[in-house]
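Down below is the structure, laid out as structure tokens.
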Amino acid sequence: MARKSLPRARQLKSGNWNAQVFLGFSDDGRKLRESFTAPTKWEAERAAAQFILNGMKEADRFTVADALDGYIKAKENVLAPSTIRGYRIHRRNHLQSLMMLDVHEVNSFTMQQAINEDAAQISSKTIKEAKNLICSALRMYDIKPTLNVTFPARKPKLKELPTAEQVMNMVRGTDIELPCLLAMWLSLRMGEVRGLQFCDLHDSVLTVCRSNIYFDGKNNIRDLNKTYKSTRRLTVPDYIKQLIEAVPHKKEDEFIVQMEYQTLRSKFYKLLEERGYHMTFHDLRHLSASVMLMLNIPDKYAMERGGWSTNSTLKSVYQHTFSDERKKVDKKIDDYFNSIIGTPKEG
């Protein structure tokens with residue numbers, strides 16, 4: 001029997017929201033529904049979901065897949081597109097033996113079975129993420145299983161990245177130089193690189209406040225970044241500023257990097273293959289972090305510059321971005337990259 005999908009609420013003329021659960025047909029052929037009305041869309045859908053969970057027959061069980069679908073739908077306009085994309089990947093591909101189980105059948109044994117099935121092909125980190133996602137979805141429906149499971153041992157990743165100088169030499173003069181330097185020099189994520197608009201650059205200050213992420217076959221533009229700390233302002237070195245100013249455009253709301261995701265990715269990997277290097281575009285941020293470590297940049301400034309979050313509570317980025325100490329940090333990093341490209345140092 002097909003599993004019952006989660007109901008979607010619609011807004012009534014009164015302003016309230018109504019969700020309906022299809023029960024079947026009456027003897028005279030009429031559709032039978034249970035109706036739930038609430039002041040908000042979320043409350044109406046939750047009431048209907050609880051009815052499915054607690055009031056339907058055993059044949060119409062509320063499955064783990066149902067819970068995940070509802071959880072993802074409830075978060076899709078709240079979390080970053082990349083996060084939702086990751087959730088959907090877990091939903092389709094990981095811990096699949098759990099998906100058709102009733103939510104109350106998730107226990108240590110069934111979870112351990114699913115983990116064991118995936119352990120040969122999937123990393124321990126991915127399995128833990130999938131397990132945590134399922135637990136979060138169940139908690140949204142007030143189901144809190146106590147799980148005692150064992151994960152596969154983590155395998156060390158021994159990855160030899162090219163140096164920042166080697167990458168600089170590889171991309172210099174190519175049509176992907178600007179996006180690569182934005183990632184490696186300024187510590188931007190791919191979505192942040194592709195989300196920059198000309199209106200974000202004022203004098204030599206770049207505001208990183210938007211993401212343009214490619215998934216599900218299309219660009220997904222969002223006036224938010226991955227995390228709160230990711231929204232930040234950066235001082236742009238002259239070399240990158242000149243590259244930006246050389247990009248033709250008519251309007252200030254046009255994207256600075258106008259190349260499509262797949263084209264950029266293809267060109268990047270082609271250059272890597274020609275040089276015999278192995279890395280991802282996101283590894284450019286790893287190189288940026290490595291350079292800052294090599295230059296003994298304090299963690300506080302490295303976190304601000306790259307938009308990374310830490311457990312410690314830092315004051316707002318905007319309050320300290322252009323302090324004297326931060327300017328010294330920016331100059332130290334810029335001097336390093338300028339020494340690679342041969343640009344004379346200031347001062």
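Convention: chains lettered A, B, ... in structure tokens order; per-chain residue numbering from 1; ligands numbered from 1 as shown.
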inquiry  = Please list as a PyMOL selection string every residue within 10 Å of stretch 6-23 of chain A, counting only C-alpha atoms and excluding residues in the same chain fewer than 2 positions away.
reply    = chain A and resi 3-4+25-26+31-49+51-52+56+60+62+66-67+69-70+73
inquiry  = I want to know what sits within 8 Å of A:Lys128, based on only C-alpha atoms, with residues of the same chain fewer than 4 positions away left out; could you give that as a list of chain:residue names?
reply    = A:Ser124, A:Asn132, A:Phe151
message = Which residues are close to A:Ile72, i.e. within 12 Å by only C-alpha atoms, leaving aside same-chain residues fewer than 6 positions away? Reply as an MDAnalysis selection string.
response = chainID A and resid 6 65:66 78:81 83:91 133:134 136:138 140
message = List the spatial neighbours of A:Lys125 as a PyMOL selection string - criterion: any atom at most 9 Å away, only C-alpha atoms, same-chain residues fewer than 4 positions off excluded.
response = chain A and resi 129-130+151+154
remark   = From atom CA of A:Leu234 to atom CA of A:Gly173 the spacing works out at 23.5 Å
message = Taking the DSSP secondary structure from the backbone, can you list the residues of stretch 76-230 of chain A that are strand (DSSP E), as number ranges by chain?
response = A: 201-202, 205-208, 211-215, 218-222
Written file, previous selection with N, CA, C and O atoms, as a PDB file, in the first residue's frame:
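part34.pdb, freshly written:
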ATOM      1  N   LEU A 201      30.496  46.091  -4.031  1.00  0.00           N
ATOM      2  CA  LEU A 201      31.843  46.653  -3.927  1.00  0.00           C
ATOM      3  C   LEU A 201      31.761  48.175  -3.859  1.00  0.00           C
ATOM      4  O   LEU A 201      31.273  48.824  -4.780  1.00  0.00           O
ATOM      5  N   HIS A 202      32.214  48.731  -2.742  1.00  0.00           N
ATOM      6  CA  HIS A 202      32.261  50.182  -2.564  1.00  0.00           C
ATOM      7  C   HIS A 202      33.696  50.563  -2.232  1.00  0.00           C
ATOM      8  O   HIS A 202      34.238  50.136  -1.209  1.00  0.00           O
ATOM      9  N   VAL A 205      35.956  48.038  -0.434  1.00  0.00           N
ATOM     10  CA  VAL A 205      35.283  47.210   0.566  1.00  0.00           C
ATOM     11  C   VAL A 205      34.225  46.349  -0.118  1.00  0.00           C
ATOM     12  O   VAL A 205      33.339  46.861  -0.800  1.00  0.00           O
ATOM     13  N   LEU A 206      34.328  45.041   0.065  1.00  0.00           N
ATOM     14  CA  LEU A 206      33.396  44.092  -0.542  1.00  0.00           C
ATOM     15  C   LEU A 206      32.503  43.507   0.540  1.00  0.00           C
ATOM     16  O   LEU A 206      32.992  42.958   1.533  1.00  0.00           O
ATOM     17  N   THR A 207      31.191  43.612   0.367  1.00  0.00           N
ATOM     18  CA  THR A 207      30.241  43.023   1.308  1.00  0.00           C
ATOM     19  C   THR A 207      29.783  41.670   0.783  1.00  0.00           C
ATOM     20  O   THR A 207      29.245  41.578  -0.322  1.00  0.00           O
ATOM     21  N   VAL A 208      30.010  40.631   1.555  1.00  0.00           N
ATOM     22  CA  VAL A 208      29.603  39.268   1.184  1.00  0.00           C
ATOM     23  C   VAL A 208      28.272  38.999   1.878  1.00  0.00           C
ATOM     24  O   VAL A 208      28.224  38.747   3.080  1.00  0.00           O
ATOM     25  N   SER A 211      24.225  34.435  -1.662  1.00  0.00           N
ATOM     26  CA  SER A 211      24.738  33.173  -2.212  1.00  0.00           C
ATOM     27  C   SER A 211      23.987  32.835  -3.494  1.00  0.00           C
ATOM     28  O   SER A 211      22.810  33.133  -3.642  1.00  0.00           O
ATOM     29  N   ASN A 212      24.694  32.234  -4.418  1.00  0.00           N
ATOM     30  CA  ASN A 212      24.115  31.756  -5.672  1.00  0.00           C
ATOM     31  C   ASN A 212      24.585  30.317  -5.839  1.00  0.00           C
ATOM     32  O   ASN A 212      25.696  30.067  -6.308  1.00  0.00           O
ATOM     33  N   ILE A 213      23.750  29.391  -5.429  1.00  0.00           N
ATOM     34  CA  ILE A 213      24.135  27.977  -5.374  1.00  0.00           C
ATOM     35  C   ILE A 213      23.392  27.201  -6.450  1.00  0.00           C
ATOM     36  O   ILE A 213      22.180  27.359  -6.614  1.00  0.00           O
ATOM     37  N   TYR A 214      24.127  26.372  -7.159  1.00  0.00           N
ATOM     38  CA  TYR A 214      23.540  25.566  -8.230  1.00  0.00           C
ATOM     39  C   TYR A 214      23.178  24.181  -7.697  1.00  0.00           C
ATOM     40  O   TYR A 214      24.040  23.446  -7.232  1.00  0.00           O
ATOM     41  N   PHE A 215      21.898  23.857  -7.714  1.00  0.00           N
ATOM     42  CA  PHE A 215      21.472  22.483  -7.435  1.00  0.00           C
ATOM     43  C   PHE A 215      20.087  22.279  -8.025  1.00  0.00           C
ATOM     44  O   PHE A 215      19.378  23.228  -8.362  1.00  0.00           O
ATOM     45  N   LYS A 218      19.396  24.151 -11.425  1.00  0.00           N
ATOM     46  CA  LYS A 218      19.160  25.583 -11.583  1.00  0.00           C
ATOM     47  C   LYS A 218      19.918  26.360 -10.513  1.00  0.00           C
ATOM     48  O   LYS A 218      20.362  25.812  -9.508  1.00  0.00           O
ATOM     49  N   ASN A 219      20.064  27.668 -10.777  1.00  0.00           N
ATOM     50  CA  ASN A 219      20.684  28.554  -9.803  1.00  0.00           C
ATOM     51  C   ASN A 219      19.670  28.913  -8.721  1.00  0.00           C
ATOM     52  O   ASN A 219      18.505  29.212  -9.016  1.00  0.00           O
ATOM     53  N   ASN A 220      20.111  28.899  -7.469  1.00  0.00           N
ATOM     54  CA  ASN A 220      19.260  29.261  -6.344  1.00  0.00           C
ATOM     55  C   ASN A 220      19.912  30.444  -5.637  1.00  0.00           C
ATOM     56  O   ASN A 220      20.923  30.291  -4.949  1.00  0.00           O
ATOM     57  N   ILE A 221      19.335  31.620  -5.830  1.00  0.00           N
ATOM     58  CA  ILE A 221      19.899  32.857  -5.296  1.00  0.00           C
ATOM     59  C   ILE A 221      19.188  33.212  -3.995  1.00  0.00           C
ATOM     60  O   ILE A 221      17.965  33.214  -3.927  1.00  0.00           O
ATOM     61  N   ARG A 222      19.976  33.509  -2.990  1.00  0.00           N
ATOM     62  CA  ARG A 222      19.421  33.795  -1.664  1.00  0.00           C
ATOM     63  C   ARG A 222      20.187  34.945  -1.042  1.00  0.00           C
ATOM     64  O   ARG A 222      21.422  34.963  -1.063  1.00  0.00           O
TER      65      ARG A 222
END
